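Everything below belongs to model.json, which stores JSON, C-alpha atoms and all ligand atoms.
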[["chain", "number", "residue", "atom", "x", "y", "z"],
["R", 18, "MET", "CA", 0.00, 0.00, 0.00],
["R", 19, "LYS", "CA", 2.71, 2.42, 1.07],
["R", 20, "MET", "CA", 4.98, 1.20, -1.69],
["R", 21, "GLY", "CA", 2.18, 1.74, -4.16],
["R", 22, "LEU", "CA", 1.83, 5.34, -3.10],
["R", 23, "ILE", "CA", 5.58, 5.98, -3.39],
["R", 24, "LYS", "CA", 5.60, 4.45, -6.85],
["R", 25, "LYS", "CA", 2.72, 6.65, -7.81],
["R", 26, "ILE", "CA", 4.51, 9.76, -6.57],
["R", 27, "ILE", "CA", 7.69, 8.81, -8.43],
["R", 28, "ALA", "CA", 5.75, 8.11, -11.60],
["R", 29, "THR", "CA", 3.86, 11.42, -11.40],
["R", 30, "THR", "CA", 7.08, 13.34, -10.73],
["R", 31, "LEU", "CA", 8.76, 11.66, -13.69],
["R", 32, "VAL", "CA", 5.91, 12.51, -16.01],
["R", 33, "GLY", "CA", 6.04, 16.09, -14.70],
["R", 34, "VAL", "CA", 9.77, 16.42, -15.31],
["R", 35, "MET", "CA", 9.47, 14.91, -18.77],
["R", 36, "THR", "CA", 6.61, 17.23, -19.69],
["R", 37, "LEU", "CA", 8.52, 20.25, -18.43],
["R", 38, "SER", "CA", 11.68, 19.43, -20.34],
["R", 39, "PHE", "CA", 9.62, 18.69, -23.45],
["R", 40, "VAL", "CA", 7.87, 22.05, -23.21],
["R", 41, "GLY", "CA", 11.27, 23.63, -22.57],
["R", 42, "CYS", "CA", 12.67, 22.15, -25.78],
["R", 43, "GLY", "CA", 9.66, 23.23, -27.75],
["R", 44, "SER", "CA", 9.86, 26.84, -26.70],
["R", 45, "LYS", "CA", 13.59, 26.91, -27.37],
["R", 46, "GLU", "CA", 13.11, 25.70, -30.91],
["R", 47, "GLU", "CA", 10.34, 28.15, -31.56],
["R", 48, "LYS", "CA", 12.42, 31.06, -30.37],
["R", 49, "ASN", "CA", 10.88, 34.15, -31.86],
["R", 50, "ASP", "CA", 13.57, 36.15, -33.65],
["R", 51, "LEU", "CA", 11.46, 39.33, -33.74],
["R", 52, "GLU", "CA", 11.00, 39.18, -29.98],
["R", 53, "SER", "CA", 14.64, 38.50, -29.25],
["R", 54, "ILE", "CA", 15.76, 41.33, -31.56],
["R", 55, "LYS", "CA", 13.47, 43.68, -29.65],
["R", 56, "GLU", "CA", 14.71, 42.32, -26.32],
["R", 57, "LYS", "CA", 18.34, 42.95, -27.16],
["R", 58, "GLY", "CA", 17.43, 46.31, -28.73],
["R", 59, "LYS", "CA", 19.55, 45.62, -31.77],
["R", 60, "VAL", "CA", 19.32, 43.92, -35.14],
["R", 61, "VAL", "CA", 22.51, 42.53, -36.66],
["R", 62, "VAL", "CA", 22.46, 42.63, -40.45],
["R", 63, "GLY", "CA", 25.07, 40.76, -42.47],
["R", 64, "MET", "CA", 26.28, 42.04, -45.82],
["R", 65, "SER", "CA", 29.22, 41.96, -48.20],
["R", 66, "ALA", "CA", 30.03, 45.62, -48.81],
["R", 67, "ASP", "CA", 31.65, 45.17, -52.20],
["R", 68, "TYR", "CA", 28.55, 45.79, -54.28],
["R", 69, "ALA", "CA", 27.94, 49.42, -55.17],
["R", 70, "PRO", "CA", 25.25, 50.75, -55.30],
["R", 71, "TYR", "CA", 23.74, 48.06, -53.01],
["R", 72, "GLU", "CA", 26.39, 48.25, -50.26],
["R", 73, "PHE", "CA", 29.86, 49.72, -50.44],
["R", 74, "HIS", "CA", 32.45, 51.74, -48.59],
["R", 75, "ALA", "CA", 32.46, 55.49, -48.93],
["R", 76, "MET", "CA", 34.11, 58.41, -47.17],
["R", 77, "ILE", "CA", 31.38, 60.39, -45.45],
["R", 78, "ASP", "CA", 32.61, 63.51, -43.63],
["R", 79, "GLY", "CA", 36.11, 62.10, -43.57],
["R", 80, "LYS", "CA", 34.99, 58.73, -42.19],
["R", 81, "ASP", "CA", 34.93, 55.37, -43.93],
["R", 82, "LYS", "CA", 31.36, 54.08, -43.84],
["R", 83, "VAL", "CA", 29.27, 51.27, -45.30],
["R", 84, "VAL", "CA", 26.50, 52.86, -47.35],
["R", 85, "GLY", "CA", 24.10, 51.97, -50.17],
["R", 86, "PHE", "CA", 20.40, 51.28, -50.61],
["R", 87, "ASP", "CA", 20.65, 47.97, -48.73],
["R", 88, "VAL", "CA", 22.01, 49.95, -45.78],
["R", 89, "ASP", "CA", 19.15, 52.45, -46.07],
["R", 90, "LEU", "CA", 16.68, 49.56, -46.11],
["R", 91, "ALA", "CA", 18.39, 48.00, -43.08],
["R", 92, "ASN", "CA", 18.12, 51.31, -41.24],
["R", 93, "GLU", "CA", 14.39, 51.56, -41.91],
["R", 94, "ILE", "CA", 13.80, 47.95, -40.85],
["R", 95, "ALA", "CA", 15.62, 48.66, -37.56],
["R", 96, "LYS", "CA", 13.71, 51.91, -37.09],
["R", 97, "ASP", "CA", 10.33, 50.22, -37.57],
["R", 98, "MET", "CA", 11.26, 47.61, -34.97],
["R", 99, "GLY", "CA", 12.46, 50.35, -32.62],
["R", 100, "VAL", "CA", 16.00, 48.92, -32.35],
["R", 101, "GLU", "CA", 19.58, 49.88, -33.22],
["R", 102, "LEU", "CA", 21.17, 48.64, -36.42],
["R", 103, "GLU", "CA", 24.48, 46.83, -36.36],
["R", 104, "ILE", "CA", 26.04, 46.03, -39.72],
["R", 105, "LYS", "CA", 28.27, 43.00, -39.76],
["R", 106, "GLU", "CA", 30.45, 42.90, -42.83],
["R", 107, "MET", "CA", 31.52, 39.56, -44.17],
["R", 108, "GLU", "CA", 32.18, 37.84, -47.46],
["R", 109, "PHE", "CA", 29.12, 36.96, -49.49],
["R", 110, "ASP", "CA", 29.54, 33.19, -49.54],
["R", 111, "PRO", "CA", 29.44, 32.59, -45.75],
["R", 112, "LEU", "CA", 26.38, 34.83, -45.15],
["R", 113, "ILE", "CA", 23.81, 32.01, -45.08],
["R", 114, "GLY", "CA", 25.97, 29.93, -42.73],
["R", 115, "ALA", "CA", 26.39, 32.93, -40.42],
["R", 116, "LEU", "CA", 22.63, 33.48, -40.37],
["R", 117, "LYS", "CA", 21.92, 29.84, -39.56],
["R", 118, "ALA", "CA", 24.57, 29.88, -36.84],
["R", 119, "GLY", "CA", 22.95, 32.93, -35.21],
["R", 120, "GLN", "CA", 25.90, 35.27, -35.84],
["R", 121, "ILE", "CA", 23.59, 37.65, -37.69],
["R", 122, "ASP", "CA", 19.81, 38.21, -37.58],
["R", 123, "MET", "CA", 19.27, 38.84, -41.26],
["R", 124, "ILE", "CA", 21.01, 39.12, -44.62],
["R", 125, "ILE", "CA", 20.60, 42.24, -46.74],
["R", 126, "SER", "CA", 23.17, 41.90, -49.46],
["R", 127, "GLY", "CA", 21.49, 42.01, -52.86],
["R", 128, "MET", "CA", 20.62, 38.36, -52.38],
["R", 129, "ASN", "CA", 18.36, 36.51, -54.81],
["R", 130, "PRO", "CA", 15.82, 34.23, -53.13],
["R", 131, "ASP", "CA", 16.53, 31.22, -55.33],
["R", 132, "GLU", "CA", 15.14, 27.73, -54.75],
["R", 133, "LYS", "CA", 18.38, 26.33, -53.36],
["R", 134, "ARG", "CA", 18.66, 29.07, -50.74],
["R", 135, "LYS", "CA", 14.95, 28.82, -49.87],
["R", 136, "LYS", "CA", 15.62, 25.29, -48.61],
["R", 137, "GLN", "CA", 17.93, 26.76, -46.00],
["R", 138, "ILE", "CA", 16.47, 30.15, -45.10],
["R", 139, "ASP", "CA", 13.33, 32.24, -45.61],
["R", 140, "PHE", "CA", 13.04, 35.47, -47.55],
["R", 141, "SER", "CA", 11.07, 38.70, -47.45],
["R", 142, "ASP", "CA", 9.18, 40.06, -50.42],
["R", 143, "ILE", "CA", 11.30, 41.32, -53.31],
["R", 144, "TYR", "CA", 12.58, 44.86, -52.70],
["R", 145, "TYR", "CA", 14.54, 45.37, -55.92],
["R", 146, "GLU", "CA", 14.66, 43.84, -59.37],
["R", 147, "ALA", "CA", 17.66, 43.68, -61.64],
["R", 148, "LYS", "CA", 19.03, 41.67, -64.53],
["R", 149, "HIS", "CA", 22.55, 40.29, -64.58],
["R", 150, "GLY", "CA", 25.04, 42.12, -66.77],
["R", 151, "VAL", "CA", 28.39, 41.27, -68.29],
["R", 152, "LEU", "CA", 31.32, 43.63, -67.85],
["R", 153, "VAL", "CA", 34.18, 43.54, -70.33],
["R", 154, "LYS", "CA", 37.12, 45.74, -71.30],
["R", 155, "GLN", "CA", 36.04, 48.65, -73.50],
["R", 156, "GLU", "CA", 38.51, 47.50, -76.17],
["R", 157, "ASN", "CA", 36.87, 44.04, -76.27],
["R", 158, "LEU", "CA", 33.30, 45.24, -76.47],
["R", 159, "ASP", "CA", 32.91, 44.10, -80.10],
["R", 160, "LYS", "CA", 33.97, 40.58, -79.22],
["R", 161, "PHE", "CA", 31.13, 40.03, -76.75],
["R", 162, "LYS", "CA", 27.68, 40.34, -78.29],
["R", 163, "THR", "CA", 25.87, 37.11, -77.45],
["R", 164, "VAL", "CA", 26.07, 34.43, -74.77],
["R", 165, "ASP", "CA", 27.87, 32.20, -77.25],
["R", 166, "ASP", "CA", 30.73, 34.70, -77.39],
["R", 167, "LEU", "CA", 31.42, 33.78, -73.78],
["R", 168, "THR", "CA", 31.88, 30.07, -74.59],
["R", 169, "GLY", "CA", 35.20, 28.74, -73.30],
["R", 170, "LYS", "CA", 36.26, 32.13, -71.96],
["R", 171, "LYS", "CA", 37.71, 33.08, -68.59],
["R", 172, "ILE", "CA", 34.77, 34.55, -66.73],
["R", 173, "GLY", "CA", 34.80, 36.08, -63.27],
["R", 174, "ALA", "CA", 32.00, 35.69, -60.72],
["R", 175, "GLN", "CA", 31.62, 36.13, -56.99],
["R", 176, "LEU", "CA", 31.99, 32.95, -54.97],
["R", 177, "GLY", "CA", 28.62, 31.56, -53.88],
["R", 178, "SER", "CA", 26.62, 34.00, -55.99],
["R", 179, "THR", "CA", 23.86, 33.57, -58.55],
["R", 180, "GLN", "CA", 26.40, 34.78, -61.09],
["R", 181, "GLN", "CA", 28.62, 31.79, -60.27],
["R", 182, "GLU", "CA", 25.72, 29.56, -61.21],
["R", 183, "ILE", "CA", 25.06, 31.49, -64.42],
["R", 184, "ALA", "CA", 28.73, 31.31, -65.41],
["R", 185, "GLU", "CA", 28.91, 27.60, -64.66],
["R", 186, "LYS", "CA", 25.55, 26.49, -65.99],
["R", 187, "THR", "CA", 24.33, 28.93, -68.63],
["R", 188, "VAL", "CA", 27.65, 29.69, -70.32],
["R", 189, "LYS", "CA", 29.20, 26.78, -72.19],
["R", 190, "ASP", "CA", 32.62, 25.49, -71.11],
["R", 191, "ALA", "CA", 33.52, 28.67, -69.30],
["R", 192, "ASP", "CA", 36.69, 28.78, -67.26],
["R", 193, "VAL", "CA", 35.04, 30.33, -64.22],
["R", 194, "GLN", "CA", 37.25, 32.33, -61.88],
["R", 195, "LEU", "CA", 35.66, 32.68, -58.46],
["R", 196, "LEU", "CA", 36.70, 35.29, -55.92],
["R", 197, "ALA", "CA", 35.14, 36.27, -52.59],
["R", 198, "ASN", "CA", 35.17, 40.00, -53.31],
["R", 199, "VAL", "CA", 33.67, 41.77, -56.31],
["R", 200, "ASN", "CA", 36.17, 44.65, -56.14],
["R", 201, "ASN", "CA", 38.97, 42.13, -56.65],
["R", 202, "LEU", "CA", 37.08, 40.66, -59.59],
["R", 203, "ILE", "CA", 36.90, 44.12, -61.17],
["R", 204, "LEU", "CA", 40.68, 44.33, -60.75],
["R", 205, "GLU", "CA", 41.05, 40.93, -62.43],
["R", 206, "LEU", "CA", 39.09, 42.22, -65.38],
["R", 207, "LYS", "CA", 41.14, 45.41, -65.58],
["R", 208, "THR", "CA", 44.36, 43.39, -65.56],
["R", 209, "ASP", "CA", 43.10, 40.88, -68.15],
["R", 210, "LYS", "CA", 43.05, 37.90, -65.78],
["R", 211, "VAL", "CA", 39.44, 37.38, -66.79],
["R", 212, "GLU", "CA", 37.78, 38.53, -70.01],
["R", 213, "ALA", "CA", 34.31, 39.06, -68.65],
["R", 214, "LEU", "CA", 32.69, 39.54, -65.27],
["R", 215, "ILE", "CA", 29.07, 38.82, -64.41],
["R", 216, "THR", "CA", 27.36, 40.92, -61.72],
["R", 217, "GLU", "CA", 23.93, 42.45, -61.22],
["R", 218, "GLU", "CA", 23.52, 45.02, -64.01],
["R", 219, "PRO", "CA", 23.38, 48.09, -61.70],
["R", 220, "VAL", "CA", 26.70, 46.98, -60.19],
["R", 221, "ALA", "CA", 28.24, 46.57, -63.64],
["R", 222, "LYS", "CA", 26.96, 50.02, -64.62],
["R", 223, "MET", "CA", 28.47, 51.54, -61.49],
["R", 224, "ALA", "CA", 31.79, 49.84, -62.19],
["R", 225, "ILE", "CA", 32.07, 51.47, -65.61],
["R", 226, "LYS", "CA", 31.35, 54.89, -64.12],
["R", 227, "THR", "CA", 34.37, 54.59, -61.90],
["R", 228, "ASN", "CA", 36.49, 52.54, -64.34],
["R", 229, "PRO", "CA", 36.27, 54.11, -67.81],
["R", 230, "GLU", "CA", 38.36, 51.33, -69.39],
["R", 231, "LEU", "CA", 35.46, 48.93, -68.73],
["R", 232, "ALA", "CA", 32.21, 48.63, -70.66],
["R", 233, "LEU", "CA", 28.86, 46.90, -70.36],
["R", 234, "SER", "CA", 28.32, 44.27, -73.05],
["R", 235, "GLU", "CA", 24.95, 43.68, -74.68],
["R", 236, "ILE", "CA", 24.73, 40.28, -73.04],
["R", 237, "THR", "CA", 22.26, 40.05, -70.17],
["R", 238, "PHE", "CA", 20.81, 37.21, -68.17],
["R", 239, "GLU", "CA", 17.31, 37.38, -66.78],
["R", 240, "ASP", "CA", 17.02, 36.88, -63.07],
["R", 241, "SER", "CA", 15.08, 33.69, -62.42],
["R", 242, "ALA", "CA", 14.60, 34.40, -58.69],
["R", 243, "GLY", "CA", 12.61, 37.58, -59.41],
["R", 244, "GLY", "CA", 14.86, 40.10, -57.66],
["R", 245, "ASN", "CA", 16.56, 40.70, -54.34],
["R", 246, "ALA", "CA", 15.13, 39.98, -50.89],
["R", 247, "VAL", "CA", 16.05, 40.01, -47.21],
["R", 248, "GLY", "CA", 17.14, 36.62, -45.83],
["R", 249, "MET", "CA", 16.01, 35.40, -42.41],
["R", 250, "ARG", "CA", 16.16, 32.17, -40.43],
["R", 251, "LYS", "CA", 13.55, 29.54, -41.31],
["R", 252, "GLY", "CA", 10.11, 29.69, -39.73],
["R", 253, "GLN", "CA", 10.31, 33.27, -38.40],
["R", 254, "THR", "CA", 6.92, 34.40, -39.67],
["R", 255, "ASP", "CA", 6.66, 37.39, -37.32],
["R", 256, "LEU", "CA", 10.00, 38.77, -38.42],
["R", 257, "VAL", "CA", 9.25, 38.17, -42.10],
["R", 258, "ASN", "CA", 5.93, 40.01, -41.74],
["R", 259, "GLN", "CA", 7.63, 42.86, -39.91],
["R", 260, "VAL", "CA", 10.29, 43.23, -42.63],
["R", 261, "ASN", "CA", 7.67, 43.01, -45.38],
["R", 262, "LYS", "CA", 5.74, 45.83, -43.72],
["R", 263, "THR", "CA", 8.79, 48.08, -43.92],
["R", 264, "ILE", "CA", 9.46, 47.13, -47.55],
["R", 265, "GLN", "CA", 5.84, 47.88, -48.46],
["R", 266, "ARG", "CA", 5.92, 51.22, -46.65],
["R", 267, "LEU", "CA", 9.09, 52.25, -48.48],
["R", 268, "LYS", "CA", 7.68, 51.15, -51.83],
["R", 269, "ASP", "CA", 4.39, 53.00, -51.30],
["R", 270, "SER", "CA", 6.05, 56.23, -50.21],
["R", 271, "GLY", "CA", 8.60, 56.19, -53.02],
["R", 272, "GLU", "CA", 11.43, 56.24, -50.46],
["R", 273, "LEU", "CA", 12.89, 52.99, -51.75],
["R", 274, "ASP", "CA", 13.21, 54.49, -55.24],
["R", 275, "GLN", "CA", 14.85, 57.52, -53.73],
["R", 276, "PHE", "CA", 17.33, 55.35, -51.78],
["R", 277, "ILE", "CA", 18.33, 53.74, -55.06],
["R", 278, "VAL", "CA", 18.84, 57.10, -56.79],
["R", 279, "ASP", "CA", 20.84, 58.42, -53.83],
["R", 280, "ALA", "CA", 23.00, 55.30, -53.57],
["R", 281, "ASN", "CA", 23.84, 55.50, -57.27],
["R", 282, "GLU", "CA", 24.86, 59.14, -56.92],
["R", 283, "LEU", "CA", 26.91, 58.49, -53.83],
["R", 284, "ALA", "CA", 28.65, 55.50, -55.41],
["R", 285, "ALA", "CA", 29.49, 57.46, -58.55],
["R", 286, "GLN", "CA", 31.11, 60.23, -56.48],
["R", 287, "ASN", "CA", 32.78, 58.11, -53.89],
["R", 288, "GLN", "CA", 33.98, 54.85, -55.30],
["R", 289, "SER", "CA", 37.71, 54.60, -55.52],
["R", 290, "ASN", "CA", 38.54, 51.67, -57.70],
["Y", 1, "LIG", "N1", 22.46, 38.70, -56.41],
["Y", 1, "LIG", "C1", 23.55, 37.79, -56.34],
["Y", 1, "LIG", "C2", 23.21, 36.62, -55.44],
["Y", 1, "LIG", "O1", 22.21, 36.61, -54.79],
["Y", 1, "LIG", "C3", 24.85, 38.43, -55.93],
["Y", 1, "LIG", "C4", 24.77, 39.31, -54.73],
["Y", 1, "LIG", "C5", 26.12, 39.76, -54.29],
["Y", 1, "LIG", "N2", 26.01, 40.66, -53.21],
["Y", 1, "LIG", "C6", 27.06, 41.34, -52.66],
["Y", 1, "LIG", "N3", 26.82, 42.16, -51.71],
["Y", 1, "LIG", "N4", 28.27, 41.11, -53.10],
["Y", 1, "LIG", "O2", 23.93, 35.68, -55.37]]
As structure tokens, how would this structure be written, given the file I've shared?
Amino acid sequence: MKMGLIKKIIATTLVGVMTLSFVGCGSKEEKNDLESIKEKGKVVVGMSADYAPYEFHAMIDGKDKVVGFDVDLANEIAKDMGVELEIKEMEFDPLIGALKAGQIDMIISGMNPDEKRKKQIDFSDIYYEAKHGVLVKQENLDKFKTVDDLTGKKIGAQLGSTQQEIAEKTVKDADVQLLANVNNLILELKTDKVEALITEEPVAKMAIKTNPELALSEITFEDSAGGNAVGMRKGQTDLVNQVNKTIQRLKDSGELDQFIVDANELAAQNQSN
């Protein structure tokens, strides 16, 4: 009788402990990124600041700063959440890993929400649309008119980018040269280590403004992912909705368009390549 009661107590306690730890696990997994960003009063945004006019370094009042329309968007997202913005610069390729590992809260880096990436992370609505362009040396402009002209050529692309995929899959037999930093790729093109460089078209256009020996070829590649979006950890519906609200607000007010105009002007004045 007594033993029975003790057993009962032990069993009940065990069930209680198990339930508690189960609930504990559940709530940990469903950690709400929007809430924790608000709690810490800061959102950490990862980007690769080698992509004018999206994000790039510029001297503002004698100080080296990361600027661009992605930075403006990041600022507005932080403002709408009522938190500080911290920009964490890193190479483009490791951005998704850093997000998944919790080193950053979101990616704003001209990223295309393609199917492969969507398996790993979630994306906001599209905030900007662009084609992919092909940069060449001005003196070689006549040699590059169609995609076939790129066949078998040395082509530069950023490591881990959509352009890497285009160079490897859409161009035939290309000798693809991958570098982590787009500014170094522009240097490779200028010094004839590659014959063509694929980037988003606005980036290619900016590069020719600051590097008159370069030119934009007629070759373009459509963007199959539909544009650029903000990357966030999987399953964070509240945060995605919050970010989408900011994007919509900036689209409706015309501010997003203005950010793009401003970033292009700033990049044209400031870039020192
Ligand atoms: N849009 C391309 C992609 O999603 C390239 C973006 C590169 N961004 C940068 N900040 N370098 O892969």
Notebook entry, point to check: Which neighbours of stretch 121-127 of chain R fall inside 8 Å, counting only C-alpha atoms, when residues of the same chain fewer than 2 positions from it are skipped, and could you give them as a ChimeraX atom specification?
Noted result: /R:50,54,60-66,71-72,87-88,91,105,109,112-113,115-116,118-119,129,245-250
Check: Taking only C-alpha atoms and all ligand atoms into account, which of R:Gly177, R:Gly58, R:Pro111, R:Gly150 comes nearest ligand LIG 1 (chain Y)?
Finding: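 The closest residue to ligand LIG 1 (chain Y) is R:Gly177.
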Enclose all atoms of ligand LIG 1 (chain Y) listed in the file in an axis-aligned box, grow every side by 3 Å, and hand back centre and edge lengths in Å to one decimal, as AutoDock Vina command-line options.
--center_x 25.2 --center_y 38.9 --center_z -54.1 --size_x 12.1 --size_y 12.5 --size_z 10.7
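Counting all atoms listed in the file, the residue from R:Gln155, R:Gln180, R:Thr254, R:Ser53 that sits nearest to R:Glu212 is R:Gln155.
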Next item on the list: Measuring atom to atom with all atoms listed in the file, identify which of R:Asn228, R:Gln253, R:Asn261, R:Gln175 is nearest to ligand LIG 1 (chain Y).
Entry: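 That would be R:Gln175, the residue with the smallest distance to ligand LIG 1 (chain Y).
Minimum distance to R:Asp139 across R:Glu217, R:Ala69, R:Lys117, R:Ile183 (counting only C-alpha atoms) occurs at R:Lys117.
Atom pair atom CA of R:Gln286 / atom CA of R:Glu106: separated by 22.1 Å.
Residues in contact with R:Leu158 at 12 Å, where all atoms listed in the file are counted and same-chain residues fewer than 6 positions away are skipped, are listed as Val151, Leu152, Asp166, Leu167, Glu212, Ala213, Glu230, Leu231, Ala232, Leu233, Ser234, Glu235 and Ile236 of chain R.
What separates atom CA of R:Val278 from atom CA of R:Glu101 is a distance of 24.7 Å.
Shortest atom-to-atom contact with ligand LIG 1 (chain Y) among R:Met98, R:Val83, R:Ala285, R:Met128: R:Met128, counting only C-alpha atoms and all ligand atoms.
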Next item on the list: Can you pull out every residue within 10 Å of R:Gly173, counting all atoms listed in the file, but drop anything in the same chain fewer than 4 positions away, and send it as a ChimeraX atom specification?
Entry: /R:151-152,180-181,184,191-196,199,201-203,205-206,210-216
Keeping C-alpha atoms, export the residues of the selection given above as a PDB file, in the frame of the given file.
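Produced file part29.pdb, reproduced below:
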ATOM      1  CA  VAL R 151      28.390  41.270 -68.290  1.00  0.00           C
ATOM      2  CA  LEU R 152      31.320  43.630 -67.850  1.00  0.00           C
ATOM      3  CA  GLN R 180      26.400  34.780 -61.090  1.00  0.00           C
ATOM      4  CA  GLN R 181      28.620  31.790 -60.270  1.00  0.00           C
ATOM      5  CA  ALA R 184      28.730  31.310 -65.410  1.00  0.00           C
ATOM      6  CA  ALA R 191      33.520  28.670 -69.300  1.00  0.00           C
ATOM      7  CA  ASP R 192      36.690  28.780 -67.260  1.00  0.00           C
ATOM      8  CA  VAL R 193      35.040  30.330 -64.220  1.00  0.00           C
ATOM      9  CA  GLN R 194      37.250  32.330 -61.880  1.00  0.00           C
ATOM     10  CA  LEU R 195      35.660  32.680 -58.460  1.00  0.00           C
ATOM     11  CA  LEU R 196      36.700  35.290 -55.920  1.00  0.00           C
ATOM     12  CA  VAL R 199      33.670  41.770 -56.310  1.00  0.00           C
ATOM     13  CA  ASN R 201      38.970  42.130 -56.650  1.00  0.00           C
ATOM     14  CA  LEU R 202      37.080  40.660 -59.590  1.00  0.00           C
ATOM     15  CA  ILE R 203      36.900  44.120 -61.170  1.00  0.00           C
ATOM     16  CA  GLU R 205      41.050  40.930 -62.430  1.00  0.00           C
ATOM     17  CA  LEU R 206      39.090  42.220 -65.380  1.00  0.00           C
ATOM     18  CA  LYS R 210      43.050  37.900 -65.780  1.00  0.00           C
ATOM     19  CA  VAL R 211      39.440  37.380 -66.790  1.00  0.00           C
ATOM     20  CA  GLU R 212      37.780  38.530 -70.010  1.00  0.00           C
ATOM     21  CA  ALA R 213      34.310  39.060 -68.650  1.00  0.00           C
ATOM     22  CA  LEU R 214      32.690  39.540 -65.270  1.00  0.00           C
ATOM     23  CA  ILE R 215      29.070  38.820 -64.410  1.00  0.00           C
ATOM     24  CA  THR R 216      27.360  40.920 -61.720  1.00  0.00           C
TER      25      THR R 216
END
Checklist line | Residue among R:Glu93, R:Glu52, R:Glu108, R:Asp81 lying closest to ligand LIG 1 (chain Y), counting all atoms listed in the file | finding: R:Glu108
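In this model, the gap between atom CA of R:Asn157 and atom CA of R:Phe238 comes to 19.2 Å.
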